[in-house]
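Peer 1: What follows is final_22.txt, compact mmCIF, C-alpha atoms.
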```txt
# COMPACT_ATOMS: atom_id res chain seq x y z
CA MET A 1 0.00 0.00 0.00
CA LYS A 2 1.03 3.63 -0.35
CA GLY A 3 1.49 6.17 2.40
CA ILE A 4 3.65 9.00 3.68
CA GLN A 5 6.74 7.93 5.59
CA ILE A 6 9.20 10.02 7.59
CA ASN A 7 12.80 8.86 7.83
CA LYS A 8 15.65 10.17 9.95
CA ILE A 9 19.06 10.09 8.29
CA ASP A 10 21.74 11.29 10.70
CA ASP A 11 20.14 14.50 12.04
CA ASP A 12 18.00 15.22 8.97
CA PHE A 13 14.34 14.31 8.57
CA HIS A 14 12.93 13.31 5.19
CA ARG A 15 9.30 12.77 4.17
CA SER A 16 8.40 10.72 1.13
CA LEU A 17 5.54 8.89 -0.54
CA GLU A 18 6.13 5.15 -0.27
CA ILE A 19 4.13 2.71 -2.40
CA ASN A 20 5.26 -0.61 -0.94
CA LEU A 21 4.37 -0.22 2.72
CA PRO A 22 3.05 -3.39 4.39
CA LYS A 23 -0.68 -3.60 5.02
CA PRO A 24 -1.18 -3.33 8.80
CA ASP A 25 -1.96 -6.36 10.95
CA LEU A 26 -5.24 -6.40 12.86
CA ASN A 27 -5.58 -7.20 16.56
CA ASN A 28 -8.77 -8.52 18.16
CA HIS A 29 -9.94 -5.10 19.42
CA GLU A 30 -8.97 -3.19 16.28
CA ILE A 31 -10.69 -2.22 13.07
CA LEU A 32 -9.07 -1.88 9.67
CA VAL A 33 -10.01 1.42 8.05
CA GLU A 34 -9.72 2.14 4.35
CA VAL A 35 -8.60 5.75 4.71
CA HIS A 36 -10.22 8.31 2.41
CA TYR A 37 -8.98 11.58 3.91
CA GLY A 38 -6.27 12.62 6.32
CA GLY A 39 -6.37 15.88 8.28
CA LEU A 40 -3.10 17.81 8.36
CA ASN A 41 -2.20 19.35 11.72
CA TYR A 42 0.76 21.31 13.09
CA ALA A 43 1.72 18.22 15.06
CA ASP A 44 2.31 16.49 11.71
CA LEU A 45 4.68 19.24 10.63
CA MET A 46 6.56 18.96 13.90
CA MET A 47 6.87 15.20 13.49
CA CYS A 48 8.16 15.69 9.96
CA ASN A 49 10.94 18.04 11.07
CA GLY A 50 11.78 16.27 14.33
CA SER A 51 10.71 19.06 16.70
CA TYR A 52 7.88 16.88 18.05
CA PRO A 53 9.23 13.33 17.72
CA HIS A 54 6.70 10.53 17.85
CA PRO A 55 7.27 7.94 20.61
CA LYS A 56 7.44 5.19 17.97
CA GLY A 57 10.59 6.73 16.56
CA TYR A 58 11.65 6.74 12.91
CA PRO A 59 10.97 5.59 10.25
CA LEU A 60 7.39 6.63 10.95
CA GLN A 61 4.26 6.30 8.85
CA ALA A 62 2.82 9.80 9.11
CA GLY A 63 -0.65 11.09 9.97
CA ILE A 64 -2.79 11.21 13.11
CA GLU A 65 -6.25 12.34 11.88
CA PHE A 66 -8.39 10.57 9.30
CA SER A 67 -11.76 9.54 7.96
CA GLY A 68 -12.67 6.45 6.00
CA ILE A 69 -14.69 3.25 5.80
CA VAL A 70 -14.34 0.16 7.98
CA ALA A 71 -12.90 -2.65 5.84
CA LYS A 72 -12.49 -5.36 8.50
CA CYS A 73 -13.17 -5.87 12.20
CA GLY A 74 -11.17 -7.77 14.79
CA SER A 75 -12.84 -10.73 16.48
CA GLU A 76 -13.67 -8.80 19.66
CA VAL A 77 -14.84 -5.53 18.12
CA GLN A 78 -18.33 -4.72 19.41
CA ASN A 79 -19.42 -1.33 18.13
CA PHE A 80 -18.46 -1.26 14.45
CA SER A 81 -19.26 -3.19 11.29
CA VAL A 82 -17.72 -3.43 7.85
CA GLY A 83 -18.95 -0.48 5.79
CA ASP A 84 -19.32 1.99 8.68
CA ARG A 85 -18.16 5.52 7.92
CA VAL A 86 -15.78 6.69 10.64
CA ALA A 87 -13.38 9.43 11.70
CA GLY A 88 -10.67 9.20 14.29
CA PHE A 89 -7.35 10.04 15.89
CA SER A 90 -4.42 7.64 15.68
CA GLU A 91 -2.02 7.83 18.62
CA ASN A 92 0.30 5.48 16.72
CA ALA A 93 0.20 7.67 13.58
CA GLY A 94 -0.08 5.99 10.16
CA ALA A 95 -3.23 7.85 9.07
CA PHE A 96 -1.71 9.12 5.79
CA SER A 97 -1.81 5.61 4.35
CA GLU A 98 -4.33 3.62 2.35
CA PHE A 99 -5.17 1.36 5.31
CA LEU A 100 -4.93 1.91 9.05
CA SER A 101 -5.45 -0.53 11.92
CA ILE A 102 -6.69 1.21 15.03
CA PRO A 103 -8.46 0.37 18.32
CA GLU A 104 -12.21 0.76 18.05
CA THR A 105 -12.14 3.20 20.98
CA SER A 106 -10.13 5.65 18.84
CA VAL A 107 -12.79 6.19 16.19
CA THR A 108 -16.35 7.46 16.03
CA LYS A 109 -19.13 6.74 13.57
CA LEU A 110 -20.19 9.56 11.29
CA ILE A 111 -23.87 10.35 10.92
CA ASP A 112 -25.22 10.46 7.37
CA GLU A 113 -25.25 14.27 7.26
CA VAL A 114 -21.49 14.53 8.03
CA SER A 115 -19.33 13.80 4.97
CA LEU A 116 -16.00 12.01 5.04
CA GLU A 117 -14.36 15.36 4.23
CA ASP A 118 -16.03 16.97 7.22
CA GLY A 119 -15.10 13.99 9.40
CA ALA A 120 -11.40 14.45 8.72
CA ALA A 121 -11.74 18.23 9.06
CA TYR A 122 -13.47 18.32 12.45
CA TYR A 123 -12.11 15.42 14.44
CA VAL A 124 -8.95 16.89 15.96
CA GLN A 125 -9.56 20.63 15.77
CA THR A 126 -13.25 20.84 16.69
CA THR A 127 -12.99 18.17 19.36
CA THR A 128 -9.97 19.95 20.84
CA ALA A 129 -11.86 23.26 20.84
CA PHE A 130 -14.92 21.67 22.43
CA HIS A 131 -12.95 20.18 25.33
CA LEU A 132 -10.80 23.29 25.79
CA LEU A 133 -13.98 25.27 26.33
CA HIS A 134 -16.31 22.86 28.07
CA THR A 135 -14.28 20.12 29.75
CA ILE A 136 -11.28 22.19 30.88
CA GLY A 137 -12.23 25.87 30.60
CA LYS A 138 -15.87 25.59 31.75
CA VAL A 139 -16.80 28.61 29.62
CA GLU A 140 -19.75 30.67 30.88
CA ALA A 141 -22.06 33.12 29.15
CA ASN A 142 -20.61 36.21 30.85
CA ASP A 143 -16.96 35.32 30.25
CA ILE A 144 -14.59 37.48 28.27
CA LEU A 145 -12.45 34.88 26.51
CA LEU A 146 -9.03 35.54 24.95
CA ILE A 147 -7.91 33.20 22.16
CA HIS A 148 -4.43 33.44 20.69
CA ALA A 149 -4.02 32.18 17.09
CA ILE A 150 -7.74 32.75 16.67
CA GLY A 151 -7.43 32.66 12.87
CA GLY A 152 -6.25 29.03 12.76
CA GLY A 153 -8.36 25.90 12.61
CA VAL A 154 -8.81 25.43 16.36
CA GLY A 155 -9.26 29.18 16.82
CA LEU A 156 -12.15 29.35 14.35
CA ASN A 157 -13.84 26.44 16.11
CA LEU A 158 -13.26 28.03 19.51
CA THR A 159 -14.78 31.28 18.29
CA GLN A 160 -17.98 29.66 17.04
CA LEU A 161 -18.41 27.41 20.07
CA ALA A 162 -17.74 30.23 22.53
CA LYS A 163 -20.25 32.52 20.84
CA LEU A 164 -22.83 29.71 20.97
CA SER A 165 -22.19 29.68 24.73
CA GLY A 166 -22.77 33.42 24.99
CA ALA A 167 -19.19 34.49 25.75
CA THR A 168 -17.46 37.64 24.52
CA VAL A 169 -14.60 36.55 22.26
CA VAL A 170 -11.33 38.46 21.91
CA GLY A 171 -8.50 37.08 19.81
CA THR A 172 -5.08 37.74 18.33
CA VAL A 173 -3.42 36.67 15.09
CA GLY A 174 0.22 36.73 14.10
CA THR A 175 -0.32 36.98 10.33
CA THR A 176 -1.98 39.98 8.72
CA GLY A 177 -5.23 39.00 7.01
CA LYS A 178 -6.07 36.09 9.32
CA GLU A 179 -8.35 38.33 11.38
CA LYS A 180 -11.08 38.21 8.70
CA ARG A 181 -12.54 34.75 9.32
CA PRO A 182 -12.80 34.90 13.11
CA LEU A 183 -14.68 38.19 12.74
CA GLU A 184 -17.01 36.47 10.26
CA CYS A 185 -17.50 33.76 12.89
CA GLY A 186 -18.66 36.33 15.44
CA ALA A 187 -15.51 37.35 17.31
CA ASP A 188 -16.00 40.66 19.12
CA LEU A 189 -12.42 41.92 18.71
CA VAL A 190 -9.45 40.52 16.76
CA LEU A 191 -6.01 42.12 16.98
CA ASP A 192 -3.02 41.70 14.68
CA ARG A 193 0.03 41.24 16.91
CA THR A 194 2.33 42.46 14.12
CA LYS A 195 0.61 45.87 14.16
CA GLN A 196 -0.89 46.31 17.64
CA GLN A 197 0.13 45.84 21.27
CA PHE A 198 -2.66 43.47 22.15
CA THR A 199 -2.58 43.94 25.93
CA GLU A 200 -2.99 47.72 25.66
CA GLU A 201 -5.78 47.45 23.07
CA ILE A 202 -7.73 44.94 25.16
CA GLN A 203 -7.34 46.97 28.35
CA GLN A 204 -8.52 50.13 26.60
CA LYS A 205 -11.69 48.40 25.43
CA PHE A 206 -12.53 46.08 28.35
CA GLY A 207 -10.64 47.38 31.40
CA LYS A 208 -7.44 46.51 33.24
CA SER A 209 -7.94 42.78 33.96
CA PRO A 210 -10.96 41.61 31.94
CA ILE A 211 -10.09 38.05 30.91
CA ARG A 212 -11.57 35.12 32.87
CA LEU A 213 -10.46 32.42 30.41
CA LEU A 214 -7.37 32.43 28.18
CA ILE A 215 -6.83 29.70 25.59
CA ASP A 216 -3.30 29.71 24.23
CA SER A 217 -1.29 27.79 21.63
CA THR A 218 1.64 30.21 21.39
CA GLY A 219 3.56 30.12 24.68
CA ALA A 220 6.72 32.20 25.24
CA ASP A 221 6.36 36.00 25.31
CA ILE A 222 2.78 36.06 23.99
CA LEU A 223 1.58 33.92 26.88
CA ASN A 224 3.76 35.83 29.35
CA ASP A 225 2.33 39.21 28.28
CA SER A 226 -1.22 37.84 28.58
CA PHE A 227 -1.06 37.34 32.34
CA ASP A 228 -1.48 41.10 32.83
CA LEU A 229 -4.99 40.75 31.36
CA MET A 230 -6.24 38.02 33.68
CA GLN A 231 -8.88 38.39 36.38
CA ASN A 232 -8.21 37.06 39.86
CA LEU A 233 -9.06 33.33 39.91
CA GLY A 234 -8.91 33.25 36.11
CA HIS A 235 -8.04 30.13 34.13
CA VAL A 236 -5.28 29.74 31.52
CA VAL A 237 -5.48 26.72 29.20
CA SER A 238 -2.54 25.77 26.97
CA TYR A 239 -2.69 23.42 24.00
CA GLY A 240 0.51 24.33 22.12
CA GLU A 241 3.73 26.34 22.08
CA ALA A 242 4.12 27.67 18.53
CA SER A 243 6.37 30.50 19.76
CA GLY A 244 8.20 28.49 22.42
CA LYS A 245 7.66 26.87 25.79
CA PRO A 246 6.18 28.94 28.66
CA TYR A 247 8.81 30.92 30.52
CA ASP A 248 10.27 29.69 33.78
CA ASN A 249 8.33 32.39 35.68
CA LEU A 250 5.04 30.53 35.15
CA TRP A 251 4.55 29.84 38.88
CA SER A 252 5.12 33.46 39.87
CA GLN A 253 2.66 34.63 37.20
CA LEU A 254 -0.02 32.27 38.49
CA VAL A 255 0.29 33.19 42.17
CA ARG A 256 -0.06 36.92 41.45
CA ARG A 257 -3.78 36.48 40.84
CA SER A 258 -4.48 32.93 42.08
CA LEU A 259 -4.78 31.72 38.51
CA THR A 260 -5.17 28.11 37.47
CA PHE A 261 -3.20 26.66 34.56
CA SER A 262 -4.19 23.61 32.52
CA ARG A 263 -2.79 21.75 29.56
CA LEU A 264 -4.90 19.69 27.12
CA HIS A 265 -4.06 16.90 24.71
CA ILE A 266 -7.22 15.19 23.50
CA GLY A 267 -5.43 11.85 23.48
CA HIS A 268 -5.48 12.00 27.28
CA ILE A 269 -9.27 12.03 27.48
CA ASP A 270 -10.84 8.60 27.91
CA HIS A 271 -12.48 7.99 24.55
CA ARG A 272 -14.85 5.50 26.17
CA SER A 273 -16.21 8.04 28.64
CA ASP A 274 -19.68 9.56 28.41
CA GLU A 275 -18.00 12.96 28.29
CA TRP A 276 -16.10 12.05 25.12
CA LEU A 277 -18.95 10.21 23.41
CA GLN A 278 -21.39 13.04 24.11
CA SER A 279 -18.96 15.59 22.66
CA GLN A 280 -18.89 13.67 19.38
CA ILE A 281 -22.68 13.56 19.21
CA THR A 282 -22.96 17.27 20.00
CA ILE A 283 -20.33 18.30 17.44
CA GLN A 284 -21.82 16.23 14.63
CA GLU A 285 -25.31 17.57 15.38
CA MET A 286 -23.96 21.14 15.19
CA ILE A 287 -22.38 20.38 11.80
CA LYS A 288 -25.62 18.77 10.62
CA ASN A 289 -27.71 21.75 11.75
CA LYS A 290 -25.19 24.25 10.31
CA LYS A 291 -24.55 25.83 13.70
CA LEU A 292 -20.86 25.11 13.21
CA LYS A 293 -19.03 25.87 9.98
CA LEU A 294 -15.93 23.94 8.95
CA PHE A 295 -13.43 25.83 6.81
CA ILE A 296 -11.74 23.34 4.47
CA GLU A 297 -9.03 25.44 2.86
CA HIS A 298 -7.68 22.92 0.35
CA ILE A 299 -7.70 19.18 -0.41
CA PHE A 300 -4.35 17.90 -1.68
CA ALA A 301 -3.73 14.52 -3.32
CA ILE A 302 -1.39 12.33 -1.30
CA GLU A 303 1.12 12.66 -4.15
CA ASP A 304 1.22 16.42 -3.41
CA PHE A 305 1.93 16.03 0.30
CA ASP A 306 4.95 18.35 0.10
CA LEU A 307 2.69 21.14 -1.21
CA ALA A 308 0.24 20.53 1.63
CA TYR A 309 3.09 20.61 4.15
CA GLN A 310 4.46 23.87 2.74
CA SER A 311 1.00 25.43 2.66
CA LEU A 312 0.39 24.78 6.36
CA ASP A 313 3.97 25.67 7.28
CA SER A 314 3.51 29.11 5.68
CA ARG A 315 1.12 30.03 8.56
CA LYS A 316 -1.05 31.85 6.05
CA ILE A 317 -3.79 29.21 6.12
CA SER A 318 -7.00 30.03 7.96
CA GLY A 319 -8.84 26.73 7.95
CA LYS A 320 -8.22 23.03 7.40
CA ILE A 321 -5.99 21.20 4.93
CA LEU A 322 -6.95 17.67 3.96
CA ILE A 323 -4.94 14.93 2.27
CA LYS A 324 -6.99 12.79 -0.17
CA ILE A 325 -5.81 9.20 0.26
CA LYS A 326 -8.50 7.15 -1.51
```
Represent the structure contained in this file as structure tokens.

Peer 2:
Amino acid sequence: MKGIQINKIDDDFHRSLEINLPKPDLNNHEILVEVHYGGLNYADLMMCNGSYPHPKGYPLQAGIEFSGIVAKCGSEVQNFSVGDRVAGFSENAGAFSEFLSIPETSVTKLIDEVSLEDGAAYYVQTTTAFHLLHTIGKVEANDILLIHAIGGGVGLNLTQLAKLSGATVVGTVGTTGKEKRPLECGADLVLDRTKQQFTEEIQQKFGKSPIRLLIDSTGADILNDSFDLMQNLGHVVSYGEASGKPYDNLWSQLVRRSLTFSRLHIGHIDHRSDEWLQSQITIQEMIKNKKLKLFIEHIFAIEDFDLAYQSLDSRKISGKILIKIK
């Protein structure tokens, strides 16, 4: 079968399309998925360049997010049948391949109104946004919420979900032009960090310490500057460090205002829990009822993976990039 593979040669990382990869074996609790679409995420880029090495090591079959059709079920699989349309998250990677074996707890069925394209577009980003807001952040209707990187895929989902909850949404972008879509999604204020000092602008509009909930994927100085905006007893939730790890003064920043700090990786949520299963039902219903819009920026053929990689790496994309496998 064909798929994207990452190899490490000395200290260099190389990605390539391989056409003779072995078809995966199937354990009793696993399903074999014929993959139709893969969702490209920043984690994939980091795995490709070695800045976020996968625990399996290299060579590594790439891809963590996918949608497709169940081709075979292990002998102890209970909740899926051949022909089911599914989307999922592969902790062991390998999603950018024609076939993927994966535990049944790592996938969800798609309702008829959610396409395979939408399945691969929502699974990681929308589910992450949902749990950032509702499981970890406990967003409330009167909250003023600050979202860094609001123009990216997770940011656009966060904006829509937060507005549905009645919150006031403030965001920042690091690339000029990426403020347009979050404003279309209902954001109340979006600031371009390349042109504006975001802390001063937010304080002028909302007061000295207006933010109850901060959701951050940037880290470093952007996160550090944001602490001046936080209310006493506010909550900071991190899900990435695009600009660098949080500074060593994190503890002293938190104790100034009795803030809480959380970190989320959706792979750490029990996918068998009612909390997880209900989130999937809720998200798919919102897509079905057009309460939530998915922005699919481009669909690349697997043969054009390098173009997809470069497109996401440019940081100019405001939306989702898919890889067409089937």

Peer 1: Applying 9 Å and only C-alpha atoms, which residues near Asp228 (chain A) remain after dropping the ones on its own chain fewer than 6 positions away? List them as a PyMOL selection string.

Peer 2: chain A and resi 199+208-209+253

Peer 1: Write a file of the just-selected residues containing C-alpha atoms, as a tab-separated table (two decimals), in the coordinates of the input.

Peer 2:
```tsv
chain	number	residue	atom	x	y	z
A	199	THR	CA	-2.58	43.94	25.93
A	208	LYS	CA	-7.44	46.51	33.24
A	209	SER	CA	-7.94	42.78	33.96
A	253	GLN	CA	2.66	34.63	37.20
```

Peer 1: Using all atoms listed in the file, can you tell me which of A:Ile144, A:Ile215, A:Val237, A:Ala95 comes closest to Glu65 (chain A)?

Peer 2: A:Ala95

Peer 1: For Leu307 (chain A), work out the shell of residues within 12 Å, counting only C-alpha atoms and skipping chain neighbours fewer than 6 positions away, then give it as an MDAnalysis selection string.

Peer 2: chainID A and resid 15 40 298:301 313:314 321:323

Peer 1: If we count only C-alpha atoms, what is near region 158-175 of chain A at a cut-off of 8 Å, once residues fewer than 3 positions away on the same chain are taken out, given as a PDB file with C-alpha atoms, in the coordinates of the input?

Peer 2:
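Final file, result_39.pdb:
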```pdb
ATOM      1  CA  THR A 126     -13.250  20.840  16.690  1.00  0.00           C
ATOM      2  CA  ALA A 129     -11.860  23.260  20.840  1.00  0.00           C
ATOM      3  CA  PHE A 130     -14.920  21.670  22.430  1.00  0.00           C
ATOM      4  CA  LEU A 133     -13.980  25.270  26.330  1.00  0.00           C
ATOM      5  CA  VAL A 139     -16.800  28.610  29.620  1.00  0.00           C
ATOM      6  CA  GLU A 140     -19.750  30.670  30.880  1.00  0.00           C
ATOM      7  CA  ALA A 141     -22.060  33.120  29.150  1.00  0.00           C
ATOM      8  CA  ASN A 142     -20.610  36.210  30.850  1.00  0.00           C
ATOM      9  CA  ASP A 143     -16.960  35.320  30.250  1.00  0.00           C
ATOM     10  CA  ILE A 144     -14.590  37.480  28.270  1.00  0.00           C
ATOM     11  CA  LEU A 145     -12.450  34.880  26.510  1.00  0.00           C
ATOM     12  CA  LEU A 146      -9.030  35.540  24.950  1.00  0.00           C
ATOM     13  CA  ILE A 147      -7.910  33.200  22.160  1.00  0.00           C
ATOM     14  CA  HIS A 148      -4.430  33.440  20.690  1.00  0.00           C
ATOM     15  CA  ALA A 149      -4.020  32.180  17.090  1.00  0.00           C
ATOM     16  CA  ILE A 150      -7.740  32.750  16.670  1.00  0.00           C
ATOM     17  CA  GLY A 151      -7.430  32.660  12.870  1.00  0.00           C
ATOM     18  CA  VAL A 154      -8.810  25.430  16.360  1.00  0.00           C
ATOM     19  CA  GLY A 155      -9.260  29.180  16.820  1.00  0.00           C
ATOM     20  CA  LYS A 178      -6.070  36.090   9.320  1.00  0.00           C
ATOM     21  CA  GLU A 179      -8.350  38.330  11.380  1.00  0.00           C
ATOM     22  CA  PRO A 182     -12.800  34.900  13.110  1.00  0.00           C
ATOM     23  CA  CYS A 185     -17.500  33.760  12.890  1.00  0.00           C
ATOM     24  CA  GLY A 186     -18.660  36.330  15.440  1.00  0.00           C
ATOM     25  CA  ALA A 187     -15.510  37.350  17.310  1.00  0.00           C
ATOM     26  CA  ASP A 188     -16.000  40.660  19.120  1.00  0.00           C
ATOM     27  CA  LEU A 189     -12.420  41.920  18.710  1.00  0.00           C
ATOM     28  CA  VAL A 190      -9.450  40.520  16.760  1.00  0.00           C
ATOM     29  CA  LEU A 191      -6.010  42.120  16.980  1.00  0.00           C
ATOM     30  CA  ASP A 192      -3.020  41.700  14.680  1.00  0.00           C
ATOM     31  CA  ARG A 193       0.030  41.240  16.910  1.00  0.00           C
ATOM     32  CA  THR A 194       2.330  42.460  14.120  1.00  0.00           C
ATOM     33  CA  PHE A 198      -2.660  43.470  22.150  1.00  0.00           C
ATOM     34  CA  LEU A 292     -20.860  25.110  13.210  1.00  0.00           C
ATOM     35  CA  ARG A 315       1.120  30.030   8.560  1.00  0.00           C
ATOM     36  CA  LYS A 316      -1.050  31.850   6.050  1.00  0.00           C
TER      37      LYS A 316
END
```

Peer 1: Which is closest to Leu259 (chain A) among A:Tyr247, A:Tyr239, A:Phe99, A:Phe227, if we use all atoms listed in the file?

Peer 2: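 Among the listed residues, A:Phe227 lies closest to Leu259 (chain A).
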
Peer 1: One number please: CA of Leu250 (chain A) to CA of His235 (chain A), in Å, one decimal.

Peer 2: 13.1 Å
